[in-house]
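Here is work14.tsv, consisting of TSV, C-alpha atoms and all ligand atoms:
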```
chain	number	residue	atom	x	y	z
A	1121	MET	CA	14.89	206.33	-102.31
A	1122	ASN	CA	13.69	202.71	-102.62
A	1123	GLU	CA	12.82	201.48	-106.11
A	1124	ILE	CA	9.05	201.20	-106.68
A	1125	LYS	CA	8.00	197.57	-107.00
A	1126	ASN	CA	5.04	196.75	-109.23
A	1127	LEU	CA	3.26	193.46	-109.83
A	1128	ILE	CA	2.42	193.16	-113.52
A	1129	ASN	CA	3.23	189.50	-114.14
A	1130	ILE	CA	3.74	186.76	-111.56
A	1131	THR	CA	7.35	186.46	-112.75
A	1132	ASP	CA	7.97	189.92	-111.26
A	1133	LEU	CA	8.15	187.96	-107.99
A	1134	SER	CA	10.96	185.51	-107.29
A	1135	VAL	CA	10.22	182.13	-105.77
A	1136	GLN	CA	11.66	183.48	-102.50
A	1137	GLU	CA	9.33	186.50	-102.61
A	1138	ILE	CA	6.34	184.21	-103.21
A	1139	ASP	CA	7.37	182.07	-100.22
A	1140	HIS	CA	7.65	185.27	-98.15
A	1141	LEU	CA	4.15	186.45	-99.18
A	1142	VAL	CA	2.68	183.03	-98.37
A	1143	GLU	CA	4.39	183.16	-94.96
A	1144	ILE	CA	2.93	186.61	-94.25
A	1145	ALA	CA	-0.54	185.46	-95.35
A	1146	ASP	CA	-0.29	182.42	-93.04
A	1147	ASP	CA	0.63	184.73	-90.17
A	1148	ILE	CA	-2.24	187.13	-90.96
A	1149	MET	CA	-4.65	184.17	-90.95
A	1150	ALA	CA	-3.30	183.04	-87.59
A	1151	ARG	CA	-3.08	186.52	-85.96
A	1152	PRO	CA	-5.32	189.00	-87.83
A	1153	GLU	CA	-5.38	191.42	-84.87
A	1154	ALA	CA	-1.63	191.99	-85.21
A	1155	TYR	CA	-2.20	193.53	-88.64
A	1156	GLN	CA	-5.32	195.62	-88.08
A	1157	ASP	CA	-3.51	198.99	-88.03
A	1158	THR	CA	-0.54	198.27	-90.26
A	1159	CYS	CA	-1.89	200.41	-93.12
A	1160	SER	CA	-3.51	203.20	-91.13
A	1161	HIS	CA	-3.35	206.47	-93.11
A	1162	LYS	CA	-2.59	204.54	-96.33
A	1163	LYS	CA	-4.91	204.54	-99.33
A	1164	LEU	CA	-5.49	201.94	-102.05
A	1165	ALA	CA	-7.01	203.06	-105.38
A	1166	THR	CA	-8.99	200.36	-107.20
A	1167	LEU	CA	-9.30	201.27	-110.88
A	1168	PHE	CA	-11.54	198.67	-112.50
A	1169	PHE	CA	-12.17	199.26	-116.20
A	1170	GLU	CA	-13.65	195.74	-116.43
A	1171	PRO	CA	-16.20	194.01	-114.13
A	1172	SER	CA	-15.10	192.11	-111.05
A	1173	THR	CA	-16.57	190.68	-107.87
A	1174	ARG	CA	-13.78	188.80	-106.06
A	1175	THR	CA	-10.71	190.75	-107.05
A	1176	ARG	CA	-12.08	194.19	-106.32
A	1177	LEU	CA	-13.94	193.20	-103.15
A	1178	SER	CA	-11.04	191.20	-101.76
A	1179	PHE	CA	-8.62	194.08	-102.41
A	1180	THR	CA	-11.08	196.40	-100.66
A	1181	ALA	CA	-11.56	194.03	-97.71
A	1182	ALA	CA	-7.80	193.48	-97.53
A	1183	MET	CA	-7.03	197.20	-97.22
A	1184	MET	CA	-9.86	197.69	-94.70
A	1185	GLU	CA	-8.58	194.83	-92.52
A	1186	LEU	CA	-5.13	196.44	-92.56
A	1187	GLY	CA	-6.66	199.67	-91.24
A	1188	GLY	CA	-6.30	201.58	-94.53
A	1189	ASN	CA	-8.77	203.30	-96.84
A	1190	VAL	CA	-9.94	202.58	-100.38
A	1191	LEU	CA	-11.04	204.86	-103.22
A	1192	GLY	CA	-11.67	204.20	-106.88
A	1193	PHE	CA	-14.24	203.08	-109.41
A	1194	SER	CA	-15.78	199.72	-110.28
A	1195	ASP	CA	-16.95	200.68	-113.74
A	1196	ALA	CA	-15.11	202.63	-116.43
A	1197	SER	CA	-18.38	204.36	-117.31
A	1198	SER	CA	-18.26	206.27	-114.01
A	1199	SER	CA	-14.73	207.53	-114.70
A	1200	SER	CA	-13.48	210.28	-117.03
A	1201	SER	CA	-12.31	207.62	-119.49
A	1202	THR	CA	-15.80	208.08	-121.00
A	1203	LYS	CA	-14.70	211.66	-121.84
A	1204	GLY	CA	-11.62	210.33	-123.59
A	1205	GLU	CA	-9.07	210.45	-120.76
A	1206	SER	CA	-6.23	208.00	-121.36
A	1207	VAL	CA	-5.28	205.15	-119.01
A	1208	ALA	CA	-1.95	206.88	-118.47
A	1209	ASP	CA	-3.56	210.13	-117.30
A	1210	THR	CA	-6.07	208.26	-115.11
A	1211	VAL	CA	-3.22	206.45	-113.37
A	1212	ILE	CA	-1.21	209.65	-112.86
A	1213	MET	CA	-4.30	211.11	-111.14
A	1214	ALA	CA	-4.79	208.04	-108.94
A	1215	GLY	CA	-1.12	208.25	-107.95
A	1216	CYS	CA	-1.78	211.79	-106.66
A	1217	TYR	CA	-4.49	210.52	-104.32
A	1218	ALA	CA	-3.41	207.02	-103.25
A	1219	ASP	CA	-0.32	205.14	-102.01
A	1220	ILE	CA	-0.88	202.03	-104.13
A	1221	ILE	CA	-3.06	201.17	-107.16
A	1222	ALA	CA	-4.82	197.94	-108.18
A	1223	MET	CA	-5.95	198.15	-111.79
A	1224	ARG	CA	-8.01	195.87	-114.06
A	1225	HIS	CA	-8.27	196.63	-117.75
A	1226	PRO	CA	-9.64	194.71	-120.78
A	1227	LYS	CA	-6.56	195.57	-122.88
A	1228	GLU	CA	-3.48	193.36	-122.58
A	1229	GLY	CA	-0.46	195.40	-121.49
A	1230	ALA	CA	-2.45	198.33	-120.02
A	1231	PRO	CA	-0.84	197.86	-116.56
A	1232	VAL	CA	2.64	198.02	-118.12
A	1233	VAL	CA	1.75	201.43	-119.57
A	1234	ALA	CA	0.36	202.46	-116.19
A	1235	ALA	CA	3.47	201.34	-114.31
A	1236	GLY	CA	5.65	203.81	-116.20
A	1237	LYS	CA	3.41	206.75	-115.33
A	1238	THR	CA	3.30	206.93	-111.56
A	1239	ILE	CA	5.58	206.69	-108.56
A	1240	VAL	CA	3.22	204.49	-106.53
A	1241	PRO	CA	3.17	200.68	-106.89
A	1242	ILE	CA	0.82	199.30	-109.58
A	1243	ILE	CA	-0.82	195.91	-109.17
A	1244	ASN	CA	-2.22	194.23	-112.27
A	1245	ALA	CA	-5.67	192.98	-111.22
A	1246	GLY	CA	-6.16	191.32	-114.64
A	1247	ASP	CA	-5.39	192.58	-118.15
A	1248	GLY	CA	-7.57	191.14	-120.91
A	1249	GLY	CA	-6.67	187.54	-121.79
A	1250	HIS	CA	-3.09	188.10	-120.64
A	1251	PHE	CA	-2.22	187.80	-116.92
A	1252	HIS	CA	-3.82	187.85	-113.48
A	1253	PRO	CA	-0.95	187.62	-111.00
A	1254	THR	CA	-2.92	188.24	-107.79
A	1255	GLN	CA	-5.26	185.36	-108.73
A	1256	THR	CA	-2.12	183.25	-109.02
A	1257	LEU	CA	-0.98	184.30	-105.56
A	1258	THR	CA	-4.47	183.35	-104.35
A	1259	ASP	CA	-4.14	179.96	-106.07
A	1260	LEU	CA	-0.68	179.39	-104.61
A	1261	LEU	CA	-1.82	180.18	-101.07
A	1262	THR	CA	-4.71	177.73	-101.55
A	1263	ILE	CA	-2.37	175.00	-102.84
A	1264	HIS	CA	0.05	175.66	-99.96
A	1265	ARG	CA	-2.71	175.39	-97.35
A	1266	LYS	CA	-4.43	172.36	-98.89
A	1267	LYS	CA	-1.43	170.43	-100.26
A	1268	GLY	CA	1.44	171.79	-98.18
A	1269	SER	CA	3.87	172.28	-101.07
A	1270	PHE	CA	4.33	173.57	-104.62
A	1271	THR	CA	6.23	170.47	-105.77
A	1272	ASN	CA	5.52	166.88	-106.82
A	1273	PHE	CA	1.98	166.95	-108.17
A	1274	THR	CA	-0.06	166.66	-111.36
A	1275	ILE	CA	-2.37	169.58	-112.07
A	1276	GLY	CA	-5.13	169.51	-114.69
A	1277	LEU	CA	-6.08	172.88	-116.15
A	1278	CYS	CA	-9.47	172.58	-117.81
A	1279	GLY	CA	-11.61	174.87	-119.99
A	1280	ASP	CA	-10.62	178.03	-121.81
A	1281	LEU	CA	-6.85	177.79	-121.87
A	1282	MET	CA	-6.58	180.17	-124.84
A	1283	PHE	CA	-7.95	183.31	-123.19
A	1284	GLY	CA	-7.74	182.18	-119.56
A	1285	ARG	CA	-5.38	184.70	-117.95
A	1286	THR	CA	-5.57	182.91	-114.59
A	1287	VAL	CA	-4.28	179.75	-116.27
A	1288	HIS	CA	-1.41	181.57	-117.99
A	1289	SER	CA	-0.22	183.17	-114.76
A	1290	LEU	CA	-0.57	179.96	-112.73
A	1291	ILE	CA	1.46	177.97	-115.26
A	1292	GLU	CA	4.20	180.63	-115.21
A	1293	ALA	CA	4.34	180.36	-111.43
A	1294	LEU	CA	4.23	176.56	-111.11
A	1295	MET	CA	6.71	175.76	-113.87
A	1296	ARG	CA	9.41	177.21	-111.60
A	1297	TYR	CA	8.86	174.42	-109.05
A	1298	GLU	CA	10.13	170.84	-109.15
A	1299	ASN	CA	8.21	167.89	-110.52
A	1300	VAL	CA	4.97	169.66	-111.41
A	1301	ARG	CA	3.24	167.92	-114.32
A	1302	PHE	CA	0.63	169.83	-116.33
A	1303	ILE	CA	-2.36	168.24	-118.07
A	1304	LEU	CA	-3.96	170.79	-120.40
A	1305	ILE	CA	-7.63	169.93	-121.00
A	1306	SER	CA	-9.48	172.03	-123.57
A	1307	PRO	CA	-11.42	171.89	-126.82
A	1308	ARG	CA	-9.21	172.28	-129.91
A	1309	GLU	CA	-10.36	175.88	-130.39
A	1310	LEU	CA	-9.36	176.94	-126.85
A	1311	LYS	CA	-5.95	175.33	-126.51
A	1312	LEU	CA	-3.13	177.02	-124.61
A	1313	PRO	CA	-1.49	179.64	-126.90
A	1314	GLU	CA	1.77	178.68	-128.60
A	1315	TYR	CA	3.74	181.40	-126.78
A	1316	MET	CA	2.81	179.78	-123.47
A	1317	LYS	CA	3.83	176.33	-124.71
A	1318	GLU	CA	7.16	177.77	-125.84
A	1319	LYS	CA	7.70	179.22	-122.36
A	1320	MET	CA	6.89	175.82	-120.81
A	1321	ASN	CA	9.28	174.04	-123.14
A	1322	ALA	CA	12.04	176.55	-122.44
A	1323	ALA	CA	11.56	175.95	-118.71
A	1324	GLY	CA	11.63	172.16	-119.19
A	1325	ALA	CA	8.04	171.78	-117.93
A	1326	VAL	CA	6.34	168.43	-118.45
A	1327	TRP	CA	2.94	168.84	-120.14
A	1328	VAL	CA	0.41	166.91	-122.16
A	1329	GLU	CA	-2.86	167.92	-123.89
A	1330	TYR	CA	-6.20	166.11	-123.54
A	1331	GLU	CA	-9.61	166.96	-124.96
A	1332	LYS	CA	-11.69	164.86	-122.53
A	1333	LEU	CA	-11.79	165.65	-118.82
A	1334	GLU	CA	-12.74	162.02	-118.09
A	1335	ASP	CA	-9.41	160.83	-119.53
A	1336	ALA	CA	-7.40	163.09	-117.24
A	1337	ILE	CA	-9.29	163.03	-113.97
A	1338	PRO	CA	-7.86	159.81	-112.40
A	1339	GLU	CA	-4.31	161.18	-112.70
A	1340	LEU	CA	-4.88	164.52	-111.01
A	1341	ASP	CA	-3.84	165.86	-107.61
A	1342	ILE	CA	-5.33	169.26	-108.45
A	1343	LEU	CA	-8.12	170.02	-110.92
A	1344	TYR	CA	-8.24	173.71	-111.91
A	1345	MET	CA	-11.52	174.38	-113.71
A	1346	THR	CA	-12.11	177.58	-115.69
A	1347	ARG	CA	-15.04	179.26	-117.36
A	1348	VAL	CA	-15.42	179.62	-121.12
A	1349	GLN	CA	-15.38	183.41	-121.19
A	1350	LYS	CA	-18.17	184.92	-123.25
A	1351	GLU	CA	-16.51	188.36	-123.17
A	1352	ARG	CA	-13.40	187.08	-125.02
A	1353	PHE	CA	-15.29	185.65	-128.03
A	1354	PHE	CA	-15.70	187.50	-131.30
A	1355	ASN	CA	-19.01	185.81	-132.15
A	1356	GLU	CA	-21.90	184.41	-130.12
A	1357	GLU	CA	-22.16	181.24	-132.22
A	1358	ASP	CA	-18.67	180.01	-131.24
A	1359	TYR	CA	-19.33	180.82	-127.59
A	1360	VAL	CA	-22.63	178.89	-127.56
A	1361	ARG	CA	-20.97	175.89	-129.23
A	1362	LEU	CA	-18.10	175.76	-126.73
A	1363	ARG	CA	-19.54	177.06	-123.45
A	1364	ASP	CA	-20.60	173.67	-122.06
A	1365	SER	CA	-17.55	171.72	-123.23
A	1366	TYR	CA	-16.86	170.64	-119.64
A	1367	ILE	CA	-19.25	170.16	-116.76
A	1368	LEU	CA	-17.76	168.66	-113.60
A	1369	ASP	CA	-20.37	166.71	-111.64
A	1370	LEU	CA	-20.38	164.07	-108.90
A	1371	GLU	CA	-20.46	161.25	-111.44
A	1372	LYS	CA	-17.22	162.41	-113.08
A	1373	LEU	CA	-15.65	162.88	-109.64
A	1374	GLU	CA	-16.09	159.17	-108.88
A	1375	ALA	CA	-12.92	158.53	-110.90
A	1376	ALA	CA	-10.88	161.17	-109.04
A	1377	LYS	CA	-8.42	160.63	-106.19
A	1378	ASP	CA	-9.87	161.05	-102.69
A	1379	ASP	CA	-7.41	163.84	-101.92
A	1380	MET	CA	-7.64	165.67	-105.26
A	1381	ILE	CA	-8.58	169.30	-104.74
A	1382	ILE	CA	-10.96	171.16	-107.07
A	1383	MET	CA	-10.06	174.78	-107.72
A	1384	HIS	CA	-11.71	177.48	-109.84
A	1385	PRO	CA	-10.83	181.19	-109.96
A	1386	LEU	CA	-14.59	181.91	-110.26
A	1387	PRO	CA	-17.03	183.14	-111.42
A	1388	ARG	CA	-18.41	179.79	-112.54
A	1389	VAL	CA	-21.27	179.42	-114.95
A	1390	ASN	CA	-22.06	175.76	-115.75
A	1391	GLU	CA	-18.63	174.14	-115.58
A	1392	ILE	CA	-19.00	172.91	-111.99
A	1393	ALA	CA	-22.41	171.55	-111.02
A	1394	VAL	CA	-23.71	173.03	-107.77
A	1395	GLU	CA	-23.94	169.47	-106.34
A	1396	VAL	CA	-20.10	169.44	-106.24
A	1397	ASP	CA	-19.99	172.34	-103.76
A	1398	ASN	CA	-20.53	170.00	-100.80
A	1399	ASP	CA	-17.87	167.51	-101.87
A	1400	PRO	CA	-14.90	167.75	-99.45
A	1401	ARG	CA	-12.55	168.10	-102.44
A	1402	ALA	CA	-14.21	171.36	-103.58
A	1403	CYS	CA	-12.15	174.31	-102.38
A	1404	TYR	CA	-13.05	177.17	-104.74
A	1405	PHE	CA	-14.87	179.22	-102.12
A	1406	TYR	CA	-11.99	178.73	-99.69
A	1407	GLN	CA	-9.72	179.83	-102.56
A	1408	ALA	CA	-11.68	183.10	-102.82
A	1409	LEU	CA	-11.17	183.62	-99.07
A	1410	CYS	CA	-7.43	183.03	-99.48
A	1411	GLY	CA	-7.53	185.89	-102.02
A	1412	LYS	CA	-8.16	188.42	-99.27
A	1413	TYR	CA	-5.26	187.24	-97.10
A	1414	ILE	CA	-2.68	187.05	-99.85
A	1415	ARG	CA	-3.70	190.52	-101.09
A	1416	MET	CA	-3.20	191.82	-97.53
A	1417	ALA	CA	0.30	190.33	-97.62
A	1418	LEU	CA	0.96	191.82	-101.06
A	1419	ILE	CA	-0.17	195.34	-100.08
A	1420	LEU	CA	2.10	195.24	-97.02
A	1421	TYR	CA	5.02	194.00	-99.08
A	1422	LEU	CA	4.69	196.50	-101.94
A	1423	LEU	CA	4.28	199.37	-99.49
A	1424	GLY	CA	7.50	198.26	-97.76
A	1425	LEU	CA	5.65	197.65	-94.49
A	1426	LYS	CA	6.59	193.96	-94.21
B	1501	LIG	N1	-11.27	185.44	-110.06
B	1501	LIG	C1	-11.61	186.69	-110.46
B	1501	LIG	O1	-10.79	187.43	-111.03
B	1501	LIG	O2	-12.90	187.02	-110.19
B	1501	LIG	P1	-13.54	188.45	-110.51
B	1501	LIG	O3	-13.55	188.62	-112.02
B	1501	LIG	O4	-14.90	188.41	-109.91
B	1501	LIG	O5	-12.66	189.48	-109.88
```

Go ahead and express the file in the form of structure tokens.
Ligand code: CP
Amino acid sequence: MNEIKNLINITDLSVQEIDHLVEIADDIMARPEAYQDTCSHKKLATLFFEPSTRTRLSFTAAMMELGGNVLGFSDASSSSSTKGESVADTVIMAGCYADIIAMRHPKEGAPVVAAGKTIVPIINAGDGGHFHPTQTLTDLLTIHRKKGSFTNFTIGLCGDLMFGRTVHSLIEALMRYENVRFILISPRELKLPEYMKEKMNAAGAVWVEYEKLEDAIPELDILYMTRVQKERFFNEEDYVRLRDSYILDLEKLEAAKDDMIIMHPLPRVNEIAVEVDNDPRACYFYQALCGKYIRMALILYLLGLK
């Protein structure tokens, strides 16, 4: 019997596996009709204990476009967790009904617990302030399609770097590639956690911290904006003080390179002005589209169908 492969952290995938997934996603984008029945009679369970728009909908669309079916819940309050059922038991149940599970949970490490409980592949669709590996795959496909390579660039990561799970996963992925320089832009209170800096140092990654976006912007090939996440704060006062630390607008973009790309995992609140949406460097909505294709590739790969 083949070993079950889960995706809990982006480092569960080798660089070669990431290249393979990107290749499959490219092929799906070029020839979607060739994939429309590849998951017929397969079922994906989406267990979302925390709100989501993109991740859940793109997983759903991905399975539908592969010819498969989707079951699950989008809100913990409509599941038996409200009656006290544990995550472990919920996942065992989902494994009885589906061939693969995508799970989001507010508690860090919940997907690791889940992965030991079932014989179907578990995909971490975001666990608290920890990791979000399928967002990273989305980001990598976007970088591949817009920049052509994962090497030789400077990326600025801006906003909530403390709790930003998309940032943590993206750094873990990119620090494995050559000549990627990281500029970490955040208020003092939302700096990248020490454990992440230790990982970067151990990998020999080149990084620097800035507090002002304006100081970093002329150097960047990629600007990755993030939201200050209200749901991760312990008190409203701190959130209100920090929420508008960075607002990217057309005036700030005047100092940016012509071929810099602007990414954001979304949802955005105020950190990118709507006027930026029509700038040719803005690619956050395209990034969300890439999320569907890379999740199609991932489902096929974890089910052993590609
Ligand atoms: N990027 C992302 O995870 O978005 P959702 O929270 O809407 O899924």

Handout entry: Selection as a list in words: residues within 7 Å of ligand LIG 1501 (chain B) by only C-alpha atoms and all ligand atoms
Key =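 I would give the residues around ligand LIG 1501 (chain B) as Pro1171, Ser1172, Thr1173, Arg1174, Thr1175, Arg1176, Gln1255, Pro1385, Leu1386 and Pro1387 of chain A.
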
Exercise for the section: Write out as a ChimeraX atom specification each polymer residue whose atoms come within 8 Å of stretch 1241-1250 of chain A, counting only C-alpha atoms; drop sequence neighbours fewer than 6 positions from it. Expected result: /A:1124-1129,1175,1219-1231,1234-1235,1282-1285,1288,1352,1422-1423

Practice task
Mind checking which residues fall within 6 Å of A:Leu1340, counting all atoms listed in the file, ignoring those fewer than 3 positions away in the same chain, and posting them as an NGL selection string?
Solution key: :A and (1274-1275 or 1337)

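Each of A:Glu1298, A:Glu1334, A:Glu1374, A:Glu1153 was compared to A:Val1396 using all atoms listed in the file, and A:Glu1374 turns out to be the nearest.
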
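Of note, atom CA of A:Met1320 and atom CA of A:Val1300 are spaced 11.4 Å apart.
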
Written record: stretch 1158-1169 of chain A, all heavy atoms, as a PDB file, in the first residue's frame:
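part_7.pdb, written as the output of this step:
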```pdb
ATOM      1  N   THR A1158     -10.833  13.694 -14.278  1.00  0.00           N
ATOM      2  CA  THR A1158      -9.750  12.961 -13.609  1.00  0.00           C
ATOM      3  C   THR A1158     -10.101  12.560 -12.175  1.00  0.00           C
ATOM      4  O   THR A1158      -9.506  11.636 -11.625  1.00  0.00           O
ATOM      5  CB  THR A1158      -8.440  13.784 -13.617  1.00  0.00           C
ATOM      6  OG1 THR A1158      -8.765  15.112 -13.257  1.00  0.00           O
ATOM      7  CG2 THR A1158      -7.742  13.749 -14.957  1.00  0.00           C
ATOM      8  N   CYS A1159     -11.047  13.249 -11.564  1.00  0.00           N
ATOM      9  CA  CYS A1159     -11.441  12.893 -10.185  1.00  0.00           C
ATOM     10  C   CYS A1159     -12.888  12.402 -10.112  1.00  0.00           C
ATOM     11  O   CYS A1159     -13.527  12.529  -9.057  1.00  0.00           O
ATOM     12  CB  CYS A1159     -11.253  14.076  -9.247  1.00  0.00           C
ATOM     13  SG  CYS A1159      -9.559  14.261  -8.700  1.00  0.00           S
ATOM     14  N   SER A1160     -13.401  11.865 -11.223  1.00  0.00           N
ATOM     15  CA  SER A1160     -14.792  11.412 -11.152  1.00  0.00           C
ATOM     16  C   SER A1160     -14.884  10.288 -10.116  1.00  0.00           C
ATOM     17  O   SER A1160     -13.979   9.467  -9.984  1.00  0.00           O
ATOM     18  CB  SER A1160     -15.296  10.943 -12.526  1.00  0.00           C
ATOM     19  OG  SER A1160     -14.518   9.890 -12.977  1.00  0.00           O
ATOM     20  N   HIS A1161     -15.950  10.307  -9.341  1.00  0.00           N
ATOM     21  CA  HIS A1161     -16.193   9.354  -8.237  1.00  0.00           C
ATOM     22  C   HIS A1161     -15.295   9.588  -7.024  1.00  0.00           C
ATOM     23  O   HIS A1161     -15.292   8.780  -6.105  1.00  0.00           O
ATOM     24  CB  HIS A1161     -16.088   7.891  -8.704  1.00  0.00           C
ATOM     25  CG  HIS A1161     -16.910   7.606  -9.913  1.00  0.00           C
ATOM     26  ND1 HIS A1161     -18.281   7.688  -9.909  1.00  0.00           N
ATOM     27  CD2 HIS A1161     -16.551   7.277 -11.180  1.00  0.00           C
ATOM     28  CE1 HIS A1161     -18.737   7.418 -11.121  1.00  0.00           C
ATOM     29  NE2 HIS A1161     -17.710   7.174 -11.900  1.00  0.00           N
ATOM     30  N   LYS A1162     -14.545  10.698  -7.011  1.00  0.00           N
ATOM     31  CA  LYS A1162     -13.741  11.036  -5.823  1.00  0.00           C
ATOM     32  C   LYS A1162     -14.446  12.164  -5.065  1.00  0.00           C
ATOM     33  O   LYS A1162     -15.111  13.015  -5.666  1.00  0.00           O
ATOM     34  CB  LYS A1162     -12.339  11.504  -6.223  1.00  0.00           C
ATOM     35  CG  LYS A1162     -11.513  10.447  -6.935  1.00  0.00           C
ATOM     36  CD  LYS A1162     -11.044   9.388  -5.962  1.00  0.00           C
ATOM     37  CE  LYS A1162     -10.168   8.352  -6.659  1.00  0.00           C
ATOM     38  NZ  LYS A1162      -9.973   7.165  -5.832  1.00  0.00           N
ATOM     39  N   LYS A1163     -14.230  12.168  -3.748  1.00  0.00           N
ATOM     40  CA  LYS A1163     -14.877  13.203  -2.920  1.00  0.00           C
ATOM     41  C   LYS A1163     -13.845  13.943  -2.064  1.00  0.00           C
ATOM     42  O   LYS A1163     -12.956  13.305  -1.480  1.00  0.00           O
ATOM     43  CB  LYS A1163     -15.934  12.576  -2.007  1.00  0.00           C
ATOM     44  CG  LYS A1163     -17.123  12.004  -2.770  1.00  0.00           C
ATOM     45  CD  LYS A1163     -18.244  11.560  -1.850  1.00  0.00           C
ATOM     46  CE  LYS A1163     -17.966  10.288  -1.112  1.00  0.00           C
ATOM     47  NZ  LYS A1163     -17.862   9.045  -1.840  1.00  0.00           N
ATOM     48  N   LEU A1164     -14.006  15.253  -2.016  1.00  0.00           N
ATOM     49  CA  LEU A1164     -13.184  16.113  -1.150  1.00  0.00           C
ATOM     50  C   LEU A1164     -14.061  16.588   0.005  1.00  0.00           C
ATOM     51  O   LEU A1164     -15.176  17.076  -0.224  1.00  0.00           O
ATOM     52  CB  LEU A1164     -12.696  17.329  -1.947  1.00  0.00           C
ATOM     53  CG  LEU A1164     -12.141  18.510  -1.133  1.00  0.00           C
ATOM     54  CD1 LEU A1164     -10.757  18.173  -0.563  1.00  0.00           C
ATOM     55  CD2 LEU A1164     -12.042  19.768  -1.997  1.00  0.00           C
ATOM     56  N   ALA A1165     -13.577  16.446   1.248  1.00  0.00           N
ATOM     57  CA  ALA A1165     -14.290  17.024   2.401  1.00  0.00           C
ATOM     58  C   ALA A1165     -13.596  18.325   2.786  1.00  0.00           C
ATOM     59  O   ALA A1165     -12.369  18.353   2.978  1.00  0.00           O
ATOM     60  CB  ALA A1165     -14.283  16.059   3.581  1.00  0.00           C
ATOM     61  N   THR A1166     -14.367  19.408   2.876  1.00  0.00           N
ATOM     62  CA  THR A1166     -13.813  20.697   3.317  1.00  0.00           C
ATOM     63  C   THR A1166     -14.330  20.957   4.731  1.00  0.00           C
ATOM     64  O   THR A1166     -15.524  21.195   4.926  1.00  0.00           O
ATOM     65  CB  THR A1166     -14.224  21.835   2.361  1.00  0.00           C
ATOM     66  OG1 THR A1166     -15.644  21.842   2.216  1.00  0.00           O
ATOM     67  CG2 THR A1166     -13.590  21.677   0.989  1.00  0.00           C
ATOM     68  N   LEU A1167     -13.427  20.866   5.687  1.00  0.00           N
ATOM     69  CA  LEU A1167     -13.790  21.066   7.102  1.00  0.00           C
ATOM     70  C   LEU A1167     -13.229  22.413   7.540  1.00  0.00           C
ATOM     71  O   LEU A1167     -12.039  22.540   7.830  1.00  0.00           O
ATOM     72  CB  LEU A1167     -13.194  19.946   7.962  1.00  0.00           C
ATOM     73  CG  LEU A1167     -13.385  18.508   7.471  1.00  0.00           C
ATOM     74  CD1 LEU A1167     -12.788  17.520   8.476  1.00  0.00           C
ATOM     75  CD2 LEU A1167     -14.852  18.192   7.221  1.00  0.00           C
ATOM     76  N   PHE A1168     -14.087  23.413   7.550  1.00  0.00           N
ATOM     77  CA  PHE A1168     -13.618  24.774   7.863  1.00  0.00           C
ATOM     78  C   PHE A1168     -14.179  25.215   9.214  1.00  0.00           C
ATOM     79  O   PHE A1168     -15.339  25.587   9.326  1.00  0.00           O
ATOM     80  CB  PHE A1168     -13.965  25.736   6.723  1.00  0.00           C
ATOM     81  CG  PHE A1168     -12.935  25.677   5.605  1.00  0.00           C
ATOM     82  CD1 PHE A1168     -12.737  24.510   4.884  1.00  0.00           C
ATOM     83  CD2 PHE A1168     -12.138  26.771   5.308  1.00  0.00           C
ATOM     84  CE1 PHE A1168     -11.766  24.423   3.895  1.00  0.00           C
ATOM     85  CE2 PHE A1168     -11.158  26.700   4.327  1.00  0.00           C
ATOM     86  CZ  PHE A1168     -10.974  25.528   3.618  1.00  0.00           C
ATOM     87  N   PHE A1169     -13.298  25.166  10.222  1.00  0.00           N
ATOM     88  CA  PHE A1169     -13.645  25.592  11.577  1.00  0.00           C
ATOM     89  C   PHE A1169     -13.417  27.091  11.736  1.00  0.00           C
ATOM     90  O   PHE A1169     -13.593  27.621  12.825  1.00  0.00           O
ATOM     91  CB  PHE A1169     -12.780  24.845  12.601  1.00  0.00           C
ATOM     92  CG  PHE A1169     -13.016  23.358  12.643  1.00  0.00           C
ATOM     93  CD1 PHE A1169     -12.338  22.508  11.791  1.00  0.00           C
ATOM     94  CD2 PHE A1169     -13.913  22.808  13.544  1.00  0.00           C
ATOM     95  CE1 PHE A1169     -12.543  21.134  11.845  1.00  0.00           C
ATOM     96  CE2 PHE A1169     -14.124  21.433  13.601  1.00  0.00           C
ATOM     97  CZ  PHE A1169     -13.433  20.595  12.752  1.00  0.00           C
TER      98      PHE A1169
END
```
